[in-house]
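Worksheet: the structure to be examined is printed underneath.
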Amino acid sequence: MVSSNLIVIIAGFTGIIFTYWFFFMKQDTEVIVTDAVDITVEGGYSPASIVLQKDKMTKITFLRKDPSPCLEEVVLSDFNIRKTLPLNQPVTIELTPRKTGEFPFSCGMNMFHGKIIVKD
Amino acid sequence: MKKTFPIKGMHCASCVGRIEKSLKKVSGISTATVNLATEQATVEYDPARVHDEHLSEAVSGAGYQAVLGGTELSSDQQQLERTKELQYLGRMVAMSLTLGGLILWGSFPGLMETAPLFLRQFWVQLILATPVQFWAGWGFYRATISALKHRSANMDTLVAIGTTMAFGYSTAVVFLPNLFKQLGIDPMPYFDVSTIIIGLILLGRYFEAKAKAGTSEAIKKLMSLQAKTARVVRAGKEVDIPIDQVAIGDIIRVRPGEKIPVDGVVSEGESSIDESMVTGESLPVEKTVGDTVVGSTINKTGSFLFRATKVGSETMLARIIKLVQEAQGSKAPIQRLADLVSSYFVPVVIMLAIATFVVWYVVGPSPALLYALLNAIAVLIIACPCAMGLATPTAIMVGTGKGAEHGVLIKDAKSLETAHKVKTVIFDKTGTLTKGKPEVTDVIVNQESRIKNQEALLQLAASIEKGSEHSLAEAIVKAAEEKKLTLSTVTTFKAIPGHGVEGIIDDKRIVFGNRRFMEKEHITIANASAQIESLENDGKTVMMLGAEKTLLGIIAVADVVKESAIDGLNALKKLGVEVAMITGDNTRTANAIGKRLGIARVLAEVLPDQKEAEVRKIQAEGKVVAMVGDGINDAPALAAADVGIAMGSGTDVAIEAADITLINQDLRSVAMAITLSKQTMRTIKQNLFWAFGYNIILIPVAMGILYPFFEILLNPILASVAMASSSVSVVTNSLLLKRKSI
């Protein structure tokens, strides 16, 4: 019994460390966008990090393939945009960022995240 | 470049070939594939040669419609999609709860004795639980797998892990009962837990989806106001054309009972128009030649023609919709904490569930494995990140939508949040508290003169003022026109700057002007001086009419206060808000108006460019200040205030400068906006309190924190009931905002 306790403690500890590493230590690859970008919405956003140019109009098209209701809205709060993403229907947002910096976007309930990086 | 866009009007496989062929004909398109199932076309093309119009033309040439540009489904289609999703969800809920109920009947102590024997068989329970787990629950798995691919997790992940643990343990019990006996555990499966949890969480999701649809009702209502067609005069004939083909300059006929299709100016005829849908103003407004009409409002009585001045996305309705959509997309500062918590929430809950399992396994009572398992499941199931995510945005959506319905346009969530803290409201006087145009307020006949009555005095004054360009003259002529008085011919008209005007009517020399003019003409005004002074103390401009060295009478003109001013100011005072007035008028006039309106704090003789500084002075007293102005002349002051409120007609300038735009131009709406802000903030705070409190209290309970003291544990099924109801209750609470009166 003592040995099984030890195994459970070690496994549990490992599980917690793994969970932390898996969810919190991830690094998104940045995609540099020139005119338009398609973002697939399926268990998150891919690409999740896009780099846009300041003062340039860019078309961002979201295509939601995931029926989970968590992803049915995308919110770009820095740009005052909240869009419903119907399943398998592309939704295009035209964005002309006026400021440089990092602007996160998320699902309606803020569990899935992406970010828009605006550079000069 | 590659592009995918929806196609409308597809029915069969032959449509696919037709559209593909038509698209491929366009030079610059290399490939074109059409999918019947998703009703979408995907093309690869050279963006330098092919534009959206080419794609649209090619598809419409084949007899279909490409949804390009906005690429958004119409609200009707979205509604249909939603209904389909809800129906599917409803079926899954029914199946899960029916099968789960049967399993519960056959396995729950005290209840199972009444169940048919076969339901008590473990393998029968396995058969009943399997479709629930992998069919009804498939959505949870699919979302979990795709989320894990992105190293993300959400509520589906928690449900998938929790129910899989219950289902997996129970399946092991069915197949390996002896192993559990050897471990000292009674081999009882927990299929009821896995199935009922799935059923209840889907049920919660069903109600949540229904309730959430209600939060965006205001936008849907606004969109449905748009007219579909317009009756345009083309080549002398009236033809009905689709609304998107109406161009600026088109002359449009509107018959009684019809909707005005776009914004414009009346060019012929007159009518009364119900503008309540846009401005919230319930009384119909009279319109005649030269007046502006707003698209989507309803023509009540007359038939008239108007010239279109704004179409498409430029119309007032389109701009209102855009503004409300933007406000609903913005985030309130109060949401920051909830955002921070919800972004870490799910992984933290997974870690807590692992810790719960370990602690119960190592130090828990016997059978430790069972306690560890059920408590870990309870932790996973009770946690509800959705309630936190929904707490603020649903209330903001309902709040801004409700505002729009009453003609109060709120720019963003931040403005709505700040408005509830407002302690002082500063009103600009001219054009805001007053109509901005002078009107005749008093016509007093000198009884000792030959003038018979007020009409005769006004007729004479208007006749002589007809030739004047002074703004006060305009008010007098307008007053005479309203009384349908026929004006006399004036000869040798002369304006004397700083004094007034003179002219000859029926061979008599008439003078009309100020006190100085009367003195110059040796006309005695002694017997009317008390009246003149009293009128001047009220902030009115007094003019005197004289002839043959006799005073005929006096006419007072003033910029009259709007009908809604007194009620609007009283409503603010009731809310405990201090009211101030700012104006460029001299102190005497300003104080007179301030006194009439009951405004104690009057900021007079303030030049337009000093208004901003005055706003900052009051802010320096530590007060949150709202500034109410017309949005054009007051833009810097509106921007300087914590909340800038424009009494606008929906012009871009006004909307840009203001945090809140009152398109109904009703001063009572200022108090309404503050009340709405207070109600919305109260709802948000209740929601956040509930969402945070729920998780902060119930997650430790599910972990078993009460067990050492009271032997209380949370049954995973009860956890799913609580979880399913928590997000529904948050959304429902937000919807209750609609019912509150403002």
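Identifiers in the structure tokens: chain A, B, ... in order shown; residue index from 1 per chain; ligand index from 1 in order shown.
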
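Taking only C-alpha atoms, the non-local environment of A:Gly44 within 9 Å (same-chain residues fewer than 5 positions away omitted) comprises Asp66, Leu71, Ser106, Cys107, Met111, Phe112, His113 and Gly114 of chain A; Ser146, Ala147, Leu148, Lys149, His150, Arg151, Ser152 and Ala153 of chain B.
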
Limited to N, CA and C atoms, could you put the picked residues into a file as a PDB file, in the first residue's frame?
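Once everything was written out, this is out_23.pdb:
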ATOM      1  N   ASP A  66     -14.633  24.109 -35.528  1.00  0.00           N
ATOM      2  CA  ASP A  66     -14.867  23.418 -34.268  1.00  0.00           C
ATOM      3  C   ASP A  66     -16.275  23.726 -33.773  1.00  0.00           C
ATOM      4  N   LEU A  71     -16.088  28.408 -28.903  1.00  0.00           N
ATOM      5  CA  LEU A  71     -15.374  29.155 -29.940  1.00  0.00           C
ATOM      6  C   LEU A  71     -16.297  29.919 -30.878  1.00  0.00           C
ATOM      7  N   SER A 106      -9.453  36.689 -28.288  1.00  0.00           N
ATOM      8  CA  SER A 106      -9.831  35.467 -27.581  1.00  0.00           C
ATOM      9  C   SER A 106     -11.222  35.031 -28.005  1.00  0.00           C
ATOM     10  N   CYS A 107     -11.627  33.861 -27.487  1.00  0.00           N
ATOM     11  CA  CYS A 107     -13.004  33.431 -27.714  1.00  0.00           C
ATOM     12  C   CYS A 107     -13.891  34.232 -26.766  1.00  0.00           C
ATOM     13  N   MET A 111     -11.120  31.769 -23.093  1.00  0.00           N
ATOM     14  CA  MET A 111     -10.346  30.581 -22.754  1.00  0.00           C
ATOM     15  C   MET A 111      -9.343  30.208 -23.845  1.00  0.00           C
ATOM     16  N   PHE A 112      -9.663  30.570 -25.058  1.00  0.00           N
ATOM     17  CA  PHE A 112      -8.727  30.358 -26.161  1.00  0.00           C
ATOM     18  C   PHE A 112      -8.171  31.718 -26.569  1.00  0.00           C
ATOM     19  N   HIS A 113      -6.877  31.741 -26.827  1.00  0.00           N
ATOM     20  CA  HIS A 113      -6.245  33.044 -27.055  1.00  0.00           C
ATOM     21  C   HIS A 113      -5.395  33.077 -28.314  1.00  0.00           C
ATOM     22  N   GLY A 114      -5.298  34.261 -28.848  1.00  0.00           N
ATOM     23  CA  GLY A 114      -4.373  34.525 -29.933  1.00  0.00           C
ATOM     24  C   GLY A 114      -3.911  35.952 -29.762  1.00  0.00           C
TER      25      GLY A 114
ATOM     26  N   SER B 146      -8.954  18.761 -30.280  1.00  0.00           N
ATOM     27  CA  SER B 146      -8.411  19.891 -31.058  1.00  0.00           C
ATOM     28  C   SER B 146      -7.800  20.956 -30.153  1.00  0.00           C
ATOM     29  N   ALA B 147      -8.342  21.094 -28.941  1.00  0.00           N
ATOM     30  CA  ALA B 147      -7.743  22.078 -28.020  1.00  0.00           C
ATOM     31  C   ALA B 147      -6.359  21.607 -27.570  1.00  0.00           C
ATOM     32  N   LEU B 148      -6.258  20.341 -27.279  1.00  0.00           N
ATOM     33  CA  LEU B 148      -4.960  19.823 -26.809  1.00  0.00           C
ATOM     34  C   LEU B 148      -3.890  19.954 -27.889  1.00  0.00           C
ATOM     35  N   LYS B 149      -4.322  19.827 -29.146  1.00  0.00           N
ATOM     36  CA  LYS B 149      -3.363  20.008 -30.241  1.00  0.00           C
ATOM     37  C   LYS B 149      -2.735  21.399 -30.169  1.00  0.00           C
ATOM     38  N   HIS B 150      -3.523  22.383 -29.682  1.00  0.00           N
ATOM     39  CA  HIS B 150      -3.015  23.746 -29.555  1.00  0.00           C
ATOM     40  C   HIS B 150      -2.503  24.026 -28.145  1.00  0.00           C
ATOM     41  N   ARG B 151      -2.382  22.988 -27.369  1.00  0.00           N
ATOM     42  CA  ARG B 151      -1.964  23.123 -25.970  1.00  0.00           C
ATOM     43  C   ARG B 151      -2.862  24.111 -25.229  1.00  0.00           C
ATOM     44  N   SER B 152      -4.162  23.998 -25.530  1.00  0.00           N
ATOM     45  CA  SER B 152      -5.155  24.809 -24.828  1.00  0.00           C
ATOM     46  C   SER B 152      -6.164  23.872 -24.181  1.00  0.00           C
ATOM     47  N   ALA B 153      -6.960  24.416 -23.301  1.00  0.00           N
ATOM     48  CA  ALA B 153      -8.004  23.613 -22.672  1.00  0.00           C
ATOM     49  C   ALA B 153      -9.178  24.504 -22.358  1.00  0.00           C
TER      50      ALA B 153
END

- Could you pull out the residues in chain A that DSSP calls alpha helix (DSSP H) from the backbone, as an NGL selection string? :A and (2-24)

Identify all chain A residues at most 8 Å from chain B by counting only C-alpha atoms; ligands do not count. Present them as a short mmCIF file (atom, residue, chain, number, x, y, z; two decimals) with C-alpha atoms, in the first residue's frame.
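Now in result-v3.cif:
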data_model
loop_
_atom_site.label_atom_id
_atom_site.label_comp_id
_atom_site.auth_asym_id
_atom_site.auth_seq_id
_atom_site.Cartn_x
_atom_site.Cartn_y
_atom_site.Cartn_z
CA ASN A 5 0.95 5.66 -2.37
CA VAL A 8 0.45 7.92 -6.92
CA ILE A 9 2.34 10.83 -5.29
CA GLY A 12 0.44 13.12 -9.38
CA PHE A 13 3.38 15.45 -8.93
CA GLY A 15 1.06 15.20 -13.76
CA ILE A 16 0.86 18.65 -12.18
CA THR A 19 0.02 20.17 -16.94
CA TYR A 20 1.81 23.40 -16.06
CA PHE A 22 1.95 21.76 -21.35
CA PHE A 23 -0.49 24.64 -21.00
CA LYS A 26 3.89 26.94 -24.93
CA GLU A 42 -10.36 24.61 -34.19
CA GLY A 43 -9.45 23.95 -30.59
CA GLY A 44 -7.79 27.33 -30.66
CA TYR A 45 -6.54 29.64 -33.37
CA ASP A 66 -14.87 23.42 -34.27
CA PRO A 67 -18.50 23.00 -33.21
CA SER A 68 -17.67 23.71 -29.56
CA CYS A 70 -16.83 28.06 -26.63
CA VAL A 75 -13.38 39.06 -29.53
CA LEU A 76 -10.79 41.61 -30.57
CA SER A 77 -11.55 43.98 -27.74
CA ASP A 78 -8.80 46.49 -28.53
CA PHE A 79 -10.52 47.04 -31.86
CA ASN A 80 -14.07 46.88 -30.43
CA ILE A 81 -14.87 43.80 -32.48
CA ARG A 82 -16.98 40.86 -31.34
CA LYS A 83 -17.99 38.53 -34.14
CA PRO A 86 -20.90 30.40 -37.76
CA ASN A 88 -17.70 26.38 -41.49
CA GLN A 89 -18.51 29.90 -42.68
CA PRO A 90 -15.60 32.28 -43.18
CA VAL A 91 -15.98 35.61 -41.44
CA THR A 92 -13.70 38.41 -42.61
CA ILE A 93 -12.63 41.33 -40.49
CA GLY A 108 -16.12 34.91 -26.15
CA MET A 109 -15.36 33.32 -22.81
CA ASN A 110 -11.65 34.13 -22.86
CA MET A 111 -10.35 30.58 -22.75
CA PHE A 112 -8.73 30.36 -26.16
#

- Contacts of B:Gly28 within 6 Å, only C-alpha atoms, excl. fewer than 5 positions in-chain, as a list in words: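 Residues meeting the cut-off are Tyr45, Asp46, Arg49 and Val50 of chain B.
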
Could you pull out the residues in stretch 252-317 of chain B that DSSP calls strand (DSSP E) from the backbone, as an mmCIF file with N, CA and C atoms, in the first residue's frame?
data_model
loop_
_atom_site.group_PDB
_atom_site.id
_atom_site.type_symbol
_atom_site.label_atom_id
_atom_site.label_comp_id
_atom_site.auth_asym_id
_atom_site.auth_seq_id
_atom_site.Cartn_x
_atom_site.Cartn_y
_atom_site.Cartn_z
ATOM 1 N N ILE B 252 -37.236 59.411 -54.212
ATOM 2 C CA ILE B 252 -37.948 58.226 -53.736
ATOM 3 C C ILE B 252 -39.341 58.612 -53.251
ATOM 4 N N ARG B 253 -40.321 57.804 -53.636
ATOM 5 C CA ARG B 253 -41.713 58.027 -53.212
ATOM 6 C C ARG B 253 -41.988 57.186 -51.962
ATOM 7 N N VAL B 254 -42.599 57.808 -50.970
ATOM 8 C CA VAL B 254 -43.004 57.054 -49.775
ATOM 9 C C VAL B 254 -44.493 57.269 -49.571
ATOM 10 N N ASP B 263 -31.815 57.494 -45.866
ATOM 11 C CA ASP B 263 -31.851 58.852 -45.325
ATOM 12 C C ASP B 263 -31.966 59.864 -46.478
ATOM 13 N N GLY B 264 -32.625 60.969 -46.231
ATOM 14 C CA GLY B 264 -32.734 61.953 -47.297
ATOM 15 C C GLY B 264 -33.422 63.225 -46.851
ATOM 16 N N VAL B 265 -33.779 64.053 -47.853
ATOM 17 C CA VAL B 265 -34.418 65.342 -47.586
ATOM 18 C C VAL B 265 -35.719 65.396 -48.372
ATOM 19 N N VAL B 266 -36.797 65.799 -47.707
ATOM 20 C CA VAL B 266 -38.111 65.835 -48.368
ATOM 21 C C VAL B 266 -38.084 66.871 -49.499
ATOM 22 N N SER B 267 -38.519 66.456 -50.701
ATOM 23 C CA SER B 267 -38.501 67.388 -51.823
ATOM 24 C C SER B 267 -39.908 67.777 -52.271
ATOM 25 N N GLU B 268 -40.899 66.997 -51.864
ATOM 26 C CA GLU B 268 -42.268 67.334 -52.244
ATOM 27 C C GLU B 268 -43.240 66.651 -51.286
ATOM 28 N N SER B 271 -45.722 65.061 -44.340
ATOM 29 C CA SER B 271 -46.278 63.904 -43.645
ATOM 30 C C SER B 271 -45.841 63.907 -42.190
ATOM 31 N N SER B 272 -46.465 63.050 -41.420
ATOM 32 C CA SER B 272 -45.939 62.861 -40.062
ATOM 33 C C SER B 272 -45.278 61.492 -40.024
ATOM 34 N N ILE B 273 -44.127 61.443 -39.355
ATOM 35 C CA ILE B 273 -43.300 60.244 -39.400
ATOM 36 C C ILE B 273 -43.013 59.711 -38.006
ATOM 37 N N ASP B 274 -43.180 58.395 -37.874
ATOM 38 C CA ASP B 274 -42.891 57.744 -36.601
ATOM 39 C C ASP B 274 -41.402 57.380 -36.598
ATOM 40 N N VAL B 285 -43.294 62.807 -35.837
ATOM 41 C CA VAL B 285 -42.690 64.107 -36.126
ATOM 42 C C VAL B 285 -43.197 64.596 -37.479
ATOM 43 N N GLU B 286 -43.609 65.875 -37.512
ATOM 44 C CA GLU B 286 -44.116 66.444 -38.767
ATOM 45 C C GLU B 286 -42.944 66.793 -39.684
ATOM 46 N N LYS B 287 -43.063 66.401 -40.952
ATOM 47 C CA LYS B 287 -41.978 66.701 -41.901
ATOM 48 C C LYS B 287 -42.559 67.385 -43.132
ATOM 49 N N THR B 292 -35.207 66.712 -43.029
ATOM 50 C CA THR B 292 -34.516 65.450 -43.255
ATOM 51 C C THR B 292 -35.382 64.291 -42.766
ATOM 52 N N VAL B 293 -35.301 63.195 -43.478
ATOM 53 C CA VAL B 293 -35.988 61.974 -43.040
ATOM 54 C C VAL B 293 -34.940 60.881 -42.858
ATOM 55 N N ILE B 298 -41.082 55.140 -40.068
ATOM 56 C CA ILE B 298 -42.325 54.823 -40.776
ATOM 57 C C ILE B 298 -43.163 56.063 -41.067
ATOM 58 N N ASN B 299 -43.568 56.172 -42.322
ATOM 59 C CA ASN B 299 -44.412 57.271 -42.759
ATOM 60 C C ASN B 299 -45.847 56.991 -42.321
ATOM 61 N N PHE B 304 -45.160 61.425 -49.846
ATOM 62 C CA PHE B 304 -44.199 62.481 -50.199
ATOM 63 C C PHE B 304 -43.034 61.922 -51.001
ATOM 64 N N LEU B 305 -42.276 62.842 -51.590
ATOM 65 C CA LEU B 305 -41.068 62.463 -52.325
ATOM 66 C C LEU B 305 -39.876 62.984 -51.554
ATOM 67 N N PHE B 306 -38.789 62.231 -51.561
ATOM 68 C CA PHE B 306 -37.572 62.762 -50.947
ATOM 69 C C PHE B 306 -36.353 62.366 -51.763
ATOM 70 N N ARG B 307 -35.304 63.165 -51.596
ATOM 71 C CA ARG B 307 -34.064 62.916 -52.320
ATOM 72 C C ARG B 307 -33.109 62.176 -51.395
ATOM 73 N N ALA B 308 -32.591 61.022 -51.847
ATOM 74 C CA ALA B 308 -31.694 60.222 -51.015
ATOM 75 C C ALA B 308 -30.370 60.955 -50.823
ATOM 76 N N THR B 309 -29.949 61.106 -49.573
ATOM 77 C CA THR B 309 -28.662 61.769 -49.312
ATOM 78 C C THR B 309 -27.642 60.800 -48.738
ATOM 79 N N LYS B 310 -28.135 59.738 -48.099
ATOM 80 C CA LYS B 310 -27.208 58.740 -47.553
ATOM 81 C C LYS B 310 -27.767 57.353 -47.801
#

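All residues of protein, DNA or RNA that reach within 10 Å of B:Leu416, judged by only C-alpha atoms and not counting those fewer than 5 positions away in the chain, are B:Ala327, B:Ala332, B:Ile396, B:Gly399, B:Thr400, B:Gly403, B:Ile410, B:Lys411, B:Lys421, B:Val643, B:Asp659, B:Ile660, B:Ala673, B:Ile674, B:Leu676, B:Ser677, B:Lys678, B:Thr680, B:Met681.
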
- What is the distance between atom CA of B:Met112 and atom CA of B:Asn375, in Å to one decimal?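 These two atoms are separated by 23.5 Å.
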